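Step one of this worksheet: look at the structure below.
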Amino acid sequence: MPTVLDVNGLSKGFTLHHLAKEIAAFDEISFSVAAGEFLLLKGANGAGKSTLLRTLYRSYLPQAGVIRFHSDHGPIDLARAADVDIAHLRRTEIGFVTQFLTARPRVSAEALVAEPLRLAGVATPEALDRARAALETFGVKPELWPAYPTTFSGGEQQKVNLARTLILPQKLLLLDEPTASLDANARAALVARLAELKAHGTAVIGVFHHPDDVLHLIDRVVDLTPNAIREEVRDDVAF
């Protein structure tokens, strides 16, 4: 399968100005992920798993290294790409599910989930129908579909978050503990959708609160624990 992402020598740290101190998040990380491949990030708390995902998504700038994404328009280094290019790739090729939904005020759940479809050219009635189906799949009650997610519980917001991000197949999908606040039924729906996306050719990189849920999908593991063996095949993984 073609390579989707090549990461070489990636390092990230933070400056604590009030302490005049540098804190390393991770150092000299290298790996690749191919189309249809599922890569799990693991490591102790503070090993930099979420920071790595945010750096790949370019919410953070790395201090060193290359993040070569093989986009539909050719290879691009996400570490150095212009903000306008990053914004375009986020709309069209790179998805990111965080632990929390940042919902816009006075936008309904169904409109929020339908938005990626509408931006891709799907007519509004069809986009809303597909959005409602996605919300139903993740267990959001129909009476909540026209309501504002800003009023929802954390678990219900996360279901909306997942429905929105996963409604369209992306070339690269980043997942930061997406199951942490989900009930068992929603977790099962998420795993089923991830299996569909993987079969479709989506490259997945994720951190999971319940990694056993996705064990059958995992192809490789990158361990961010300092001094650990960086990559392991799935059969060697112990959670």
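Ligands are numbered from 1 in the order shown, chains are lettered A, B, ... in the order of the structure tokens, and residues start at 1 in each chain.
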
What are the nearest atom pairs, with distances in Å to one decimal, for all residues of segment 158-186 of chain A that come at most 10 Å from segment 49-71 of chain A, using only C-alpha atoms, set out by chain and rising residue number as a Markdown table?
| residue | atom | partner | partner_atom | distance |
| --- | --- | --- | --- | --- |
| A:Lys171 | CA | A:Ser71 | CA | 7.9 |
| A:Leu172 | CA | A:Phe69 | CA | 8.9 |
| A:Leu173 | CA | A:Tyr57 | CA | 9.6 |
| A:Leu174 | CA | A:Leu53 | CA | 6.6 |
| A:Leu175 | CA | A:Leu53 | CA | 7.7 |
| A:Asp176 | CA | A:Ser50 | CA | 6.3 |
| A:Glu177 | CA | A:Ser50 | CA | 8.6 |

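If only C-alpha atoms are the atoms counted, then among A:Gln170, A:Ser181, A:Thr225, A:Thr150 the closest residue to Val4 of chain A is A:Gln170.
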
Item to check | Exercise: segment 106-114 of chain A partners within 9 Å, only C-alpha atoms, chain neighbours under 2 positions left out, as an MDAnalysis selection string | outcome: chainID A and resid 103:104 116:119 124 126:132 134:135 144:150 157 160:165 167

Item to check | Lys12 of chain A surroundings by only C-alpha atoms, 7 Å radius, close-in-sequence under 2 positions cut, as a PyMOL selection string | outcome: chain A and resi 10+24-27+62-63

Item to check | Shell around Ile23 of chain A at 10 Å using only C-alpha atoms, local window under 5 positions removed, as a count of residues only | outcome: 5

Item to check | Computed interatomic separation between atom CA of Pro75 of chain A and atom CA of Gly206 of chain A (Å) | outcome: 22.0 Å

Next on the checklist: What parts of segment 125-168 of chain A does DSSP call helix (DSSP H, G or I)? I'd like the answer as a ChimeraX atom specification.
Outcome noted: /A:125-137,142-144,149-151,154-166

Contacts of segment 179-224 of chain A with segment 39-42 of chain A up to 8 Å, shortest pair per row, only C-alpha atoms, as a Markdown table:
| residue | atom | partner | partner_atom | distance |
| --- | --- | --- | --- | --- |
| A:Val204 | CA | A:Leu39 | CA | 6.1 |
| A:Ile205 | CA | A:Leu39 | CA | 4.8 |
| A:Gly206 | CA | A:Leu40 | CA | 5.1 |
| A:Val207 | CA | A:Leu41 | CA | 5.3 |
| A:Phe208 | CA | A:Leu40 | CA | 7.9 |
| A:Ile218 | CA | A:Leu39 | CA | 6.0 |
| A:Asp219 | CA | A:Leu39 | CA | 6.0 |
| A:Arg220 | CA | A:Leu39 | CA | 5.0 |
| A:Val221 | CA | A:Leu40 | CA | 4.7 |
| A:Val222 | CA | A:Leu41 | CA | 5.0 |
| A:Asp223 | CA | A:Lys42 | CA | 4.9 |
| A:Leu224 | CA | A:Lys42 | CA | 6.2 |

Emit the selected residues as a PDB file, in the first residue's frame, including C-alpha atoms.
ATOM      1  CA  VAL A 204      -5.056   5.779  11.246  1.00  0.00           C
ATOM      2  CA  ILE A 205      -2.784   6.925  14.099  1.00  0.00           C
ATOM      3  CA  GLY A 206      -4.345   6.798  17.544  1.00  0.00           C
ATOM      4  CA  VAL A 207      -4.086   6.858  21.306  1.00  0.00           C
ATOM      5  CA  PHE A 208      -6.743   4.784  23.060  1.00  0.00           C
ATOM      6  CA  ILE A 218      -3.819  -2.491  15.013  1.00  0.00           C
ATOM      7  CA  ASP A 219      -0.986  -3.199  12.586  1.00  0.00           C
ATOM      8  CA  ARG A 220       1.930  -1.591  14.415  1.00  0.00           C
ATOM      9  CA  VAL A 221       2.736   0.230  17.646  1.00  0.00           C
ATOM     10  CA  VAL A 222       5.029   3.171  18.317  1.00  0.00           C
ATOM     11  CA  ASP A 223       6.106   3.288  21.969  1.00  0.00           C
ATOM     12  CA  LEU A 224       6.981   6.812  23.133  1.00  0.00           C
TER      13      LEU A 224
END

Checklist entry - Hey, which of A:Gly74, A:Pro169, A:Gly139, A:Pro105 ends up closest to Glu156 of chain A? Count only C-alpha atoms. => result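 The answer is A:Gly139, which sits nearest to Glu156 of chain A.
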
Next on the checklist: Using only C-alpha atoms, can you tell me which of A:Ala180, A:Ala47, A:Val7, A:Ala82 comes closest to Phe31 of chain A?
Outcome noted: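 Closest residue, counting only C-alpha atoms: A:Val7.
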
Checklist entry - In terms of the shortest atom-to-atom distance over only C-alpha atoms, which of A:Leu168, A:Leu194, A:Ile86, A:Ile29 is closest to Gly9 of chain A? => result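 So, comparing all the options, the nearest one is A:Ile29.
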
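Proximity to Leu78 of chain A was assessed for A:Pro226, A:His216, A:Asn45, A:Ile94 counting only C-alpha atoms; the smallest distance is recorded for A:Ile94.
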
Checklist entry - So, counting only C-alpha atoms, which residue among A:Val84, A:Val214, A:Val122, A:Leu5 is closest to Ala34 of chain A? => result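 Using only C-alpha atoms, Ala34 of chain A sits closest to A:Leu5.
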